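K.L.:
One structure follows; several queries about it will come next.
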Amino acid sequence: MAVPYADLQLQYQSIKDEIDAAIAGVIRNNAFIRGSYVDVFEREFAAAAEVAHCVSCANGTDALYLAMRALKVQPGDEVITTAHSWISTAAMITHAGATVVFCDTDDATFTIDPAAIEAAITPRTVGIIPVHLYGQPADMDAIMATAQKHKLWVIEDCAQAHLARYKGRMVGTFGKVATYSFYPGKNLGAMGDAGAVVTDDAALAERMAMLARHGGLVKHQHHIEGINSRLDGMQAAILSAKLPHLAVWTEARQAAAEVYDAGLNQIEDVVVPEVAPARSHVYHLYTIRHPRRDALAAYLNANGVRTAINYPTALPFLPAYARFNHRPEQFPNAHRDQSRILSLPMFAEITRQQQEEVINLVLAFLTA
């Protein structure tokens, strides 16, 4: 049985009429750049994220840049983030003008280790960017306590954690600002690139909106130098059509994770995701650990099960950061996880039969 890694076509077919109507409306109204569809989505997503303000932008990478620019990051500043994530988080720290400082991860959850944050703070540190990796919230109580102690801002990278909660509270509501990606494969995905920043700070929201729109909120009135990072009307309409389904899709992912957990947890050398107490995991990715990860991935792929490796090289060891001369012993957990994490097929519509095929193939590999 073929099991895709994700099935965006199946998701589209499940709400085809709603998506097609949204696209047709944008075309009919020539609302291609900003306009009413973008305004509506910003209001809807702010409500879903339980914040006062949502500022849409072109993608999740720009969202991080806009947030740091609005917080007035300066050359010489240091910003702390995780050693295990997609490069956008770290790269935008550099592009905003600061120096990125990496911290190791918690061995159980893959999220940033709060103790490592405390050890990394210097007089030049201005902020912390925790990533709610794979869909599990970081330890926000510890992170916020450290931030408050040292008077640092916090940007939550929620690119993989739409609707995840920490102690009942929505991720993205702890820090000064939070960023989201709506890349097609995300739990809430557009049909192209899209992103947003959210905040309860009205002045900060206005500044981020100006930065995203060439430095002004009204055409030809440029109060600051900004960039061109606008969400287009087509993607906004598609996201508005999908947003009402997100809670149900999230529950389906969580139910699928329970099936995987039950089937894989007793298999020797397979470590299933550990969900920390009082955290809701939304399973953007379902990741397992195995000492022969590459061989297992090859076996599954050869038998029709598509997998992925997120991420094969921890950030400190990428060529992009060779200038720091980082060593494995500085980030032991992130370095070790490079070779043992494998993402299994996970999408809201995955069937029990498909999951059982995956589980049986993992077992067959290990007993061969």
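Identifiers for the structure tokens are assigned positionally: chains receive A, B, ... in sequence, residues are indexed from 1 per chain, and ligands are indexed from 1 in the order shown.
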So that I can see what lies close to Ala178 in chain A, please list as a list in words the residues with an atom at most 6 Å from it, counting only C-alpha atoms and leaving out residues fewer than 5 positions away in the same chain.
P.N.:
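Here the answer would be Ile155, Glu156, Asp157, Gly172, Val197 and Val198 of chain A.
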K.L.:
Going by DSSP on the backbone, which bits of range 320-349 of chain A are strand (DSSP E)? Write them as JSON, numbers by chain, please.
P.N.:
{"A": [341, 342, 343, 344]}
K.L.:
Excluding range 245-257 of chain A and residues on its chain fewer than 3 positions from it, collect all residues at most 8 Å away from it, counting only C-alpha atoms, and give them as a VMD selection string.
P.N.:
chain A and resid 163 187 to 188 242 260 to 261 281 to 283 286 346 to 350 352 355
K.L.:
Do a neighbour search on range 164-170 of chain A at 7 Å with only C-alpha atoms, toss out local chain neighbours closer than 5 positions, and write the hits as a list in words.
P.N.:
Ala49, Glu50, Gly135, Gln136, Pro137, Ala278, Arg279, Ser280, His281 and Val282 of chain A
K.L.:
Save the residues we just selected, C-alpha atoms, as a short mmCIF file (atom, residue, chain, number, x, y, z; two decimals), in the first residue's frame?
P.N.:
data_model
loop_
_atom_site.label_atom_id
_atom_site.label_comp_id
_atom_site.auth_asym_id
_atom_site.auth_seq_id
_atom_site.Cartn_x
_atom_site.Cartn_y
_atom_site.Cartn_z
CA ALA A 49 -4.90 32.76 17.62
CA GLU A 50 -6.55 34.56 20.55
CA GLY A 135 3.85 21.24 16.79
CA GLN A 136 4.78 20.91 20.48
CA PRO A 137 5.02 24.08 22.60
CA ALA A 278 0.23 20.40 30.16
CA ARG A 279 1.22 20.82 26.51
CA SER A 280 -0.99 20.04 23.52
CA HIS A 281 0.97 18.73 20.53
CA VAL A 282 -0.66 19.47 17.14
#
K.L.:
Could you give me, as CSV, a per-residue list for range 4-66 of chain A showing, wherever an atom lies at most 7 Å from an atom of range 88-92 of chain A, the closest pair of atoms and their distance in Å to one decimal, using only C-alpha atoms and sorting by chain then residue number from low to high?
P.N.:
residue,atom,partner,partner_atom,distance
A:Thr61,CA,A:Ser88,CA,5.5
A:Leu64,CA,A:Met92,CA,6.3
A:Tyr65,CA,A:Met92,CA,5.3
K.L.:
Counting only C-alpha atoms, which of A:Pro114, A:Gly35, A:Pro4, A:Gly215 gets nearest to Leu66 in chain A?
P.N.:
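The shortest atom-to-atom distance to Leu66 in chain A comes from A:Gly215.
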